[in-house]
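Colleague: Below is the file start24.json, with JSON, C-alpha atoms.
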[["chain", "number", "residue", "atom", "x", "y", "z"],
["A", 1, "MET", "CA", 25.49, 3.17, -6.32],
["A", 2, "ALA", "CA", 23.43, -0.02, -6.20],
["A", 3, "SER", "CA", 19.80, 0.14, -7.30],
["A", 4, "THR", "CA", 17.39, 0.27, -4.36],
["A", 5, "PHE", "CA", 15.05, -2.04, -6.28],
["A", 6, "ASN", "CA", 17.69, -4.65, -7.06],
["A", 7, "ALA", "CA", 18.97, -4.68, -3.49],
["A", 8, "ALA", "CA", 15.53, -4.84, -1.87],
["A", 9, "ARG", "CA", 14.56, -8.12, -0.20],
["A", 10, "HIS", "CA", 11.05, -6.87, 0.65],
["A", 11, "ILE", "CA", 9.22, -4.63, -1.84],
["A", 12, "ALA", "CA", 5.85, -3.28, -0.68],
["A", 13, "ILE", "CA", 3.16, -1.84, -2.96],
["A", 14, "GLU", "CA", 0.99, 0.84, -1.35],
["A", 15, "GLY", "CA", -1.80, 3.23, -2.24],
["A", 16, "PRO", "CA", -5.52, 3.85, -1.80],
["A", 17, "ILE", "CA", -8.37, 1.43, -2.42],
["A", 18, "GLY", "CA", -8.71, 0.49, -6.10],
["A", 19, "VAL", "CA", -5.33, 1.80, -7.25],
["A", 20, "GLY", "CA", -4.07, -1.65, -8.33],
["A", 21, "LYS", "CA", -1.79, -2.73, -5.46],
["A", 22, "THR", "CA", -2.60, -6.43, -5.48],
["A", 23, "SER", "CA", -2.51, -6.79, -9.25],
["A", 24, "LEU", "CA", 0.92, -5.13, -9.45],
["A", 25, "ALA", "CA", 2.20, -7.16, -6.50],
["A", 26, "ARG", "CA", 1.17, -10.39, -8.24],
["A", 27, "ARG", "CA", 2.88, -9.35, -11.47],
["A", 28, "LEU", "CA", 6.07, -8.29, -9.70],
["A", 29, "GLY", "CA", 6.00, -11.52, -7.72],
["A", 30, "VAL", "CA", 6.11, -13.54, -10.92],
["A", 31, "VAL", "CA", 8.88, -11.44, -12.47],
["A", 32, "LEU", "CA", 11.03, -11.56, -9.32],
["A", 33, "ASP", "CA", 10.11, -15.14, -8.34],
["A", 34, "ALA", "CA", 9.15, -13.68, -4.98],
["A", 35, "GLU", "CA", 7.00, -14.78, -2.07],
["A", 36, "LEU", "CA", 3.70, -12.88, -1.99],
["A", 37, "VAL", "CA", 2.26, -11.38, 1.19],
["A", 38, "LEU", "CA", -1.24, -10.14, 0.30],
["A", 39, "GLU", "CA", -3.98, -8.53, 2.34],
["A", 40, "ASN", "CA", -6.87, -10.86, 3.08],
["A", 41, "ALA", "CA", -9.61, -8.28, 3.45],
["A", 42, "GLU", "CA", -12.31, -10.84, 2.69],
["A", 43, "GLU", "CA", -11.42, -12.64, 5.93],
["A", 44, "ASN", "CA", -12.39, -9.62, 8.04],
["A", 45, "PRO", "CA", -15.92, -10.39, 9.32],
["A", 46, "PHE", "CA", -16.57, -6.73, 10.12],
["A", 47, "LEU", "CA", -15.57, -5.12, 6.82],
["A", 48, "GLU", "CA", -18.89, -5.34, 4.99],
["A", 49, "ARG", "CA", -20.68, -3.99, 8.06],
["A", 50, "PHE", "CA", -18.10, -1.17, 8.25],
["A", 51, "TYR", "CA", -18.91, -0.06, 4.71],
["A", 52, "ALA", "CA", -22.61, -0.05, 5.63],
["A", 53, "ASP", "CA", -22.21, 1.67, 9.03],
["A", 54, "ALA", "CA", -18.69, 2.96, 9.57],
["A", 55, "PRO", "CA", -19.13, 4.60, 13.01],
["A", 56, "SER", "CA", -20.54, 1.41, 14.52],
["A", 57, "TYR", "CA", -18.00, -1.03, 13.11],
["A", 58, "ALA", "CA", -14.79, 0.95, 12.51],
["A", 59, "PHE", "CA", -13.09, -0.13, 15.73],
["A", 60, "GLN", "CA", -13.80, -3.86, 15.33],
["A", 61, "THR", "CA", -12.75, -3.71, 11.69],
["A", 62, "GLN", "CA", -9.49, -1.97, 12.49],
["A", 63, "ILE", "CA", -8.52, -4.23, 15.38],
["A", 64, "PHE", "CA", -9.10, -7.32, 13.25],
["A", 65, "PHE", "CA", -6.88, -5.88, 10.51],
["A", 66, "LEU", "CA", -4.20, -4.89, 13.03],
["A", 67, "PHE", "CA", -3.68, -8.40, 14.34],
["A", 68, "GLN", "CA", -4.20, -10.04, 10.97],
["A", 69, "ARG", "CA", -1.42, -7.89, 9.48],
["A", 70, "LEU", "CA", 0.80, -8.52, 12.50],
["A", 71, "ARG", "CA", 0.50, -12.30, 12.01],
["A", 72, "GLN", "CA", 1.29, -11.95, 8.31],
["A", 73, "PHE", "CA", 4.52, -10.04, 8.95],
["A", 74, "GLN", "CA", 5.84, -11.68, 12.10],
["A", 75, "GLY", "CA", 7.83, -14.25, 10.18],
["A", 76, "LEU", "CA", 9.53, -11.83, 7.80],
["A", 77, "SER", "CA", 12.34, -10.94, 10.19],
["A", 78, "GLN", "CA", 13.21, -14.58, 10.90],
["A", 79, "PRO", "CA", 15.98, -15.81, 8.57],
["A", 80, "GLY", "CA", 15.13, -18.89, 6.56],
["A", 81, "ILE", "CA", 11.36, -18.60, 6.75],
["A", 82, "PHE", "CA", 11.21, -16.42, 3.65],
["A", 83, "SER", "CA", 14.37, -17.28, 1.72],
["A", 84, "ASN", "CA", 13.22, -15.59, -1.48],
["A", 85, "ARG", "CA", 12.44, -11.97, -2.11],
["A", 86, "ILE", "CA", 9.11, -10.74, -0.77],
["A", 87, "VAL", "CA", 6.47, -8.62, -2.48],
["A", 88, "SER", "CA", 3.53, -7.40, -0.39],
["A", 89, "ASP", "CA", 0.50, -5.31, -1.33],
["A", 90, "PHE", "CA", 0.65, -3.26, 1.87],
["A", 91, "ILE", "CA", 2.96, -2.00, 4.58],
["A", 92, "PHE", "CA", 2.15, -2.55, 8.23],
["A", 93, "ALA", "CA", 2.16, 1.19, 8.98],
["A", 94, "LYS", "CA", -0.87, 1.70, 6.73],
["A", 95, "ASP", "CA", -3.00, 0.20, 9.48],
["A", 96, "ALA", "CA", -2.53, 3.31, 11.63],
["A", 97, "LEU", "CA", -3.27, 5.54, 8.63],
["A", 98, "PHE", "CA", -6.70, 3.96, 8.19],
["A", 99, "ALA", "CA", -7.29, 4.01, 11.94],
["A", 100, "ARG", "CA", -6.70, 7.77, 12.12],
["A", 101, "LEU", "CA", -9.21, 8.31, 9.31],
["A", 102, "ASN", "CA", -11.93, 6.03, 10.62],
["A", 103, "LEU", "CA", -11.80, 5.93, 14.42],
["A", 104, "SER", "CA", -13.08, 8.40, 16.97],
["A", 105, "ASP", "CA", -10.49, 10.11, 19.14],
["A", 106, "GLU", "CA", -11.15, 7.76, 22.06],
["A", 107, "GLU", "CA", -11.08, 4.67, 19.85],
["A", 108, "TYR", "CA", -7.85, 5.87, 18.24],
["A", 109, "ARG", "CA", -6.22, 6.38, 21.64],
["A", 110, "ILE", "CA", -7.02, 2.78, 22.63],
["A", 111, "TYR", "CA", -6.00, 1.50, 19.20],
["A", 112, "MET", "CA", -2.60, 3.22, 19.34],
["A", 113, "GLN", "CA", -1.75, 1.50, 22.61],
["A", 114, "MET", "CA", -2.06, -1.83, 20.79],
["A", 115, "TYR", "CA", -0.53, -0.60, 17.54],
["A", 116, "SER", "CA", 2.65, 0.73, 19.17],
["A", 117, "GLN", "CA", 3.37, -2.68, 20.70],
["A", 118, "ALA", "CA", 2.61, -4.51, 17.46],
["A", 119, "ALA", "CA", 4.62, -2.16, 15.23],
["A", 120, "ALA", "CA", 7.78, -2.82, 17.26],
["A", 121, "GLN", "CA", 7.62, -6.44, 16.08],
["A", 122, "VAL", "CA", 7.35, -5.65, 12.35],
["A", 123, "PRO", "CA", 10.36, -4.85, 10.14],
["A", 124, "GLU", "CA", 10.16, -2.06, 7.57],
["A", 125, "PRO", "CA", 10.21, -3.07, 3.89],
["A", 126, "ASP", "CA", 13.29, -2.23, 1.84],
["A", 127, "LEU", "CA", 11.35, -0.31, -0.82],
["A", 128, "VAL", "CA", 7.81, 1.05, -1.09],
["A", 129, "ILE", "CA", 6.19, 1.59, -4.49],
["A", 130, "TRP", "CA", 3.38, 4.08, -3.86],
["A", 131, "LEU", "CA", 0.66, 3.99, -6.53],
["A", 132, "GLN", "CA", -1.38, 7.17, -6.95],
["A", 133, "ALA", "CA", -4.64, 8.03, -8.73],
["A", 134, "SER", "CA", -7.41, 10.59, -8.44],
["A", 135, "PRO", "CA", -10.61, 9.72, -6.52],
["A", 136, "ALA", "CA", -12.55, 9.74, -9.80],
["A", 137, "THR", "CA", -10.20, 7.18, -11.32],
["A", 138, "LEU", "CA", -10.28, 5.07, -8.17],
["A", 139, "LEU", "CA", -14.08, 5.04, -8.20],
["A", 140, "GLN", "CA", -14.09, 3.85, -11.81],
["A", 141, "ARG", "CA", -11.69, 1.02, -10.98],
["A", 142, "ILE", "CA", -13.67, 0.03, -7.88],
["A", 143, "GLU", "CA", -16.87, -0.08, -9.96],
["A", 144, "ARG", "CA", -15.18, -2.24, -12.60],
["A", 145, "ARG", "CA", -14.13, -4.89, -10.11],
["A", 146, "GLY", "CA", -17.70, -5.02, -8.84],
["A", 147, "LEU", "CA", -17.36, -6.02, -5.19],
["A", 148, "SER", "CA", -20.76, -5.50, -3.60],
["A", 149, "MET", "CA", -19.46, -4.29, -0.24],
["A", 150, "GLU", "CA", -17.39, -1.56, -1.96],
["A", 151, "ARG", "CA", -20.40, 0.04, -3.66],
["A", 152, "ARG", "CA", -20.85, 2.38, -0.69],
["A", 153, "ILE", "CA", -17.35, 3.85, -1.03],
["A", 154, "THR", "CA", -17.66, 7.55, -1.90],
["A", 155, "ALA", "CA", -15.44, 10.00, -3.71],
["A", 156, "ASP", "CA", -15.19, 12.02, -0.49],
["A", 157, "TYR", "CA", -13.84, 9.01, 1.42],
["A", 158, "LEU", "CA", -11.33, 8.31, -1.35],
["A", 159, "GLN", "CA", -10.22, 11.95, -1.31],
["A", 160, "CYS", "CA", -9.61, 11.71, 2.43],
["A", 161, "LEU", "CA", -7.68, 8.51, 1.85],
["A", 162, "CYS", "CA", -5.52, 10.05, -0.89],
["A", 163, "ASP", "CA", -4.84, 13.06, 1.33],
["A", 164, "GLY", "CA", -4.00, 10.72, 4.21],
["A", 165, "TYR", "CA", -1.45, 8.86, 2.11],
["A", 166, "GLY", "CA", 0.10, 12.14, 1.01],
["A", 167, "GLU", "CA", 0.48, 13.32, 4.60],
["A", 168, "PHE", "CA", 1.76, 9.94, 5.72],
["A", 169, "PHE", "CA", 4.51, 9.67, 3.12],
["A", 170, "ALA", "CA", 5.48, 13.33, 3.52],
["A", 171, "SER", "CA", 6.86, 12.45, 6.96],
["A", 172, "TYR", "CA", 7.61, 8.74, 6.46],
["A", 173, "GLU", "CA", 11.21, 7.92, 7.40],
["A", 174, "GLY", "CA", 11.16, 4.17, 6.85],
["A", 175, "ALA", "CA", 11.98, 2.63, 3.48],
["A", 176, "PRO", "CA", 12.75, 4.57, 0.30],
["A", 177, "VAL", "CA", 9.52, 5.49, -1.51],
["A", 178, "PHE", "CA", 9.05, 5.43, -5.28],
["A", 179, "ALA", "CA", 5.74, 7.07, -6.26],
["A", 180, "VAL", "CA", 3.95, 6.20, -9.51],
["A", 181, "THR", "CA", 1.09, 8.19, -11.01],
["A", 182, "THR", "CA", -1.24, 5.63, -12.59],
["A", 183, "GLU", "CA", -3.79, 7.87, -14.33],
["A", 184, "HIS", "CA", -2.46, 7.26, -17.81],
["A", 185, "ILE", "CA", -0.87, 3.81, -17.57],
["A", 186, "ASN", "CA", -1.86, 0.16, -17.39],
["A", 187, "LEU", "CA", 0.62, -1.70, -15.21],
["A", 188, "ILE", "CA", -1.36, -4.94, -15.31],
["A", 189, "ASP", "CA", -1.92, -5.63, -19.01],
["A", 190, "GLY", "CA", 0.27, -2.98, -20.61],
["A", 191, "GLU", "CA", 3.66, -4.45, -21.44],
["A", 192, "ALA", "CA", 5.21, -1.10, -22.39],
["A", 193, "ASP", "CA", 3.93, 0.60, -19.23],
["A", 194, "PHE", "CA", 5.10, -2.22, -16.98],
["A", 195, "SER", "CA", 8.51, -2.23, -18.68],
["A", 196, "ALA", "CA", 8.76, 1.54, -18.18],
["A", 197, "LEU", "CA", 8.07, 1.09, -14.47],
["A", 198, "ILE", "CA", 10.71, -1.63, -14.12],
["A", 199, "LYS", "CA", 13.26, 0.48, -16.00],
["A", 200, "ALA", "CA", 12.57, 3.55, -13.85],
["A", 201, "VAL", "CA", 12.51, 1.79, -10.48],
["A", 202, "THR", "CA", 15.62, -0.22, -11.36],
["A", 203, "SER", "CA", 17.47, 3.05, -11.88],
["A", 204, "PHE", "CA", 16.22, 4.50, -8.59],
["A", 205, "THR", "CA", 18.92, 4.93, -5.94],
["A", 206, "GLY", "CA", 17.60, 7.69, -3.67],
["A", 207, "ARG", "CA", 15.11, 8.11, -0.85],
["A", 208, "ARG", "CA", 12.21, 9.61, -2.82],
["A", 209, "GLY", "CA", 11.29, 9.02, -6.44],
["A", 210, "LEU", "CA", 8.47, 9.74, -8.86],
["A", 211, "LEU", "CA", 7.46, 8.16, -12.16],
["A", 212, "ASP", "CA", 4.93, 10.33, -13.99],
["A", 213, "MET", "CA", 3.91, 8.62, -17.23],
["A", 214, "ALA", "CA", 1.80, 11.60, -18.30],
["A", 215, "ASP", "CA", 4.96, 13.10, -19.75],
["A", 216, "GLN", "CA", 6.94, 9.83, -19.92],
["A", 217, "SER", "CA", 9.45, 11.10, -17.39],
["A", 218, "ALA", "CA", 11.07, 9.61, -14.31],
["A", 219, "THR", "CA", 12.73, 11.78, -11.71],
["A", 220, "TRP", "CA", 13.81, 11.42, -8.12],
["A", 221, "ALA", "CA", 14.74, 13.81, -5.34],
["A", 222, "ALA", "CA", 14.04, 14.19, -1.65],
["A", 223, "GLU", "CA", 11.63, 17.07, -2.19],
["A", 224, "LEU", "CA", 9.36, 15.24, -4.63],
["A", 225, "ILE", "CA", 7.04, 13.88, -1.94]]
Could you rewrite the structure in this file as structure tokens?

Modeller:
Amino acid sequence: MASTFNAARHIAIEGPIGVGKTSLARRLGVVLDAELVLENAEENPFLERFYADAPSYAFQTQIFFLFQRLRQFQGLSQPGIFSNRIVSDFIFAKDALFARLNLSDEEYRIYMQMYSQAAAQVPEPDLVIWLQASPATLLQRIERRGLSMERRITADYLQCLCDGYGEFFASYEGAPVFAVTTEHINLIDGEADFSALIKAVTSFTGRRGLLDMADQSATWAAELI
């Protein structure tokens, strides 16, 4: 059976804030000579205000991200526009995950009317690499990168986000998902760890996979996630 990784035209990296999505996407992009599709969070004029006062700015923040992400992905389904492989640091469906966490019920109802129309225009990736880490580890990584607007992110919010990703991928029926626990590895500067990831994901042929470097093992089965 052909490797899911080798056959994938669009590989998406997903996971909570601070887990290393963009850094891994950039490294994979170089290795695969792929086009990069990266989130441009700094372009969202509401994001800093959201971190300071989430209830007041969640809806504006989410709507901006929704249409920004739609524009980024609209060309992916058109042959010839992206002739190379594609590596992105998000999937479009993550927008609704964040909306459910951050919006009121009434805001979410309005949001979903727009999201359902937008999502119909966006193709699924061919493979999702889901990076995982504990809230404590995520906080440490967020602190190290030192973005001022992220200083208000709490461990409780990160726990909700990690739980949200777990629930989302438990019922996700789109692309195959290969999960990677990142607590004990360095995928950005660690050559051995990055090589281990490439070896494991290249061998992956199923719908659900897991690479747990704590015990240097790679396994895959539908019930893993």

Colleague: Counting only C-alpha atoms, find the residues whose atoms lie at most 6 Å from (3.0, -5.5, -11.9) (file coordinates) and write them out as a list in words.

Modeller: Leu24, Ala25, Arg27, Leu28, Leu187 and Ile188 of chain A

Colleague: Taking (-17.5, -0.4, -1.9) in the file's coordinates as the center, which residues reach within 10 Å of it, counting all atoms listed in the file, put as a list in words?

Modeller: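 These residues have at least one counted atom within 10 Å: Ile17, Gly18, Glu48, Tyr51, Ala52, Leu139, Ile142, Glu143, Arg145, Gly146, Leu147, Ser148, Met149, Glu150, Arg151, Arg152, Ile153 and Thr154 of chain A.
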
Colleague: Find, counting only C-alpha atoms, the residue in A:Thr205, A:Ser23, A:Gln159, A:Asn102 that gets nearest to Asp53 of chain A.

Modeller: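 So, comparing all the options, the nearest one is A:Asn102.
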
Colleague: If I take atom CA of Val180 of chain A and atom CA of Leu211 of chain A, how far is one from the other in Å, to one decimal?

Modeller: 4.8 Å

Colleague: Between atom CA of Ala120 of chain A and atom CA of Gln74 of chain A, what is the spacing in Å?

Modeller: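 For atom CA of Gln74 of chain A relative to atom CA of Ala120 of chain A, the distance reads 10.4 Å.
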
Colleague: Hey, which of A:Phe169, A:Asp156, A:Asp212, A:Ile198 ends up closest to Ala93 of chain A? Count only C-alpha atoms.

Modeller: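 Closest to Ala93 of chain A of all the choices is A:Phe169.
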
Colleague: Which residues are close to segment 88-92 of chain A, i.e. within 8 Å by all atoms listed in the file, leaving aside same-chain residues fewer than 5 positions away? Reply as number ranges by chain.

Modeller: A: 10-14, 21-22, 25, 36-39, 69-70, 73, 119, 122, 124-125

Colleague: Write to file, as a short mmCIF file (atom, residue, chain, number, x, y, z; two decimals), keeping the file's coordinate frame, the residues of the selection just made, with C-alpha atoms.

Modeller:
data_model
loop_
_atom_site.label_atom_id
_atom_site.label_comp_id
_atom_site.auth_asym_id
_atom_site.auth_seq_id
_atom_site.Cartn_x
_atom_site.Cartn_y
_atom_site.Cartn_z
CA HIS A 10 11.05 -6.87 0.65
CA ILE A 11 9.22 -4.63 -1.84
CA ALA A 12 5.85 -3.28 -0.68
CA ILE A 13 3.16 -1.84 -2.96
CA GLU A 14 0.99 0.84 -1.35
CA LYS A 21 -1.79 -2.73 -5.46
CA THR A 22 -2.60 -6.43 -5.48
CA ALA A 25 2.20 -7.16 -6.50
CA LEU A 36 3.70 -12.88 -1.99
CA VAL A 37 2.26 -11.38 1.19
CA LEU A 38 -1.24 -10.14 0.30
CA GLU A 39 -3.98 -8.53 2.34
CA ARG A 69 -1.42 -7.89 9.48
CA LEU A 70 0.80 -8.52 12.50
CA PHE A 73 4.52 -10.04 8.95
CA ALA A 119 4.62 -2.16 15.23
CA VAL A 122 7.35 -5.65 12.35
CA GLU A 124 10.16 -2.06 7.57
CA PRO A 125 10.21 -3.07 3.89
#

Colleague: Leaving out Leu66 of chain A and any residue of its chain fewer than 4 positions from it, which residues lie within 8 Å of it when counting all atoms listed in the file, given as a list of chain:residue names?

Modeller: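 Within the cut-off, the hits are A:Gln62, A:Leu70, A:Asp95, A:Tyr115.
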
Colleague: So which one's closest to Arg144 of chain A, A:Leu158, A:Val19, A:Ala196, A:Ile110? Using only C-alpha atoms, please.

Modeller: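 Ranked by minimum distance to Arg144 of chain A, first place goes to A:Val19.
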
Colleague: What lies within 8 Å of segment 160-164 of chain A using only C-alpha atoms, ignoring chain neighbours under 6 positions off, as a PyMOL selection string?

Modeller: chain A and resi 15-16+97-98+101+132+134-135

Colleague: I want to know what sits within 7 Å of Phe46 of chain A, based on only C-alpha atoms, with residues of the same chain fewer than 2 positions away left out; could you give that as a VMD selection string?

Modeller: chain A and resid 44 48 to 50 57 60 to 61

Colleague: Out of A:Pro55, A:Phe5, A:Ala175, A:Asn84, which residue has the shortest atom-to-atom distance to Leu197 of chain A when counting all atoms listed in the file?

Modeller: A:Phe5

Colleague: Restricting the calculation to only C-alpha atoms, which member of A:Glu167, A:Asp189, A:Glu42, A:Asp33 is positioned closest to Lys94 of chain A?

Modeller: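 Ranked by minimum distance to Lys94 of chain A, first place goes to A:Glu167.
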
Colleague: Measuring atom to atom with all atoms listed in the file, identify which of A:Met112, A:Val128, A:Ala41, A:Ala99 is nearest to Gly174 of chain A.

Modeller: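 Among the listed residues, the smallest separation from Gly174 of chain A belongs to A:Val128.
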
Colleague: Hey, can you check how far atom CA of Arg100 of chain A sits from atom CA of Ala58 of chain A?

Modeller: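 Between atom CA of Arg100 of chain A and atom CA of Ala58 of chain A the gap works out to 10.6 Å.
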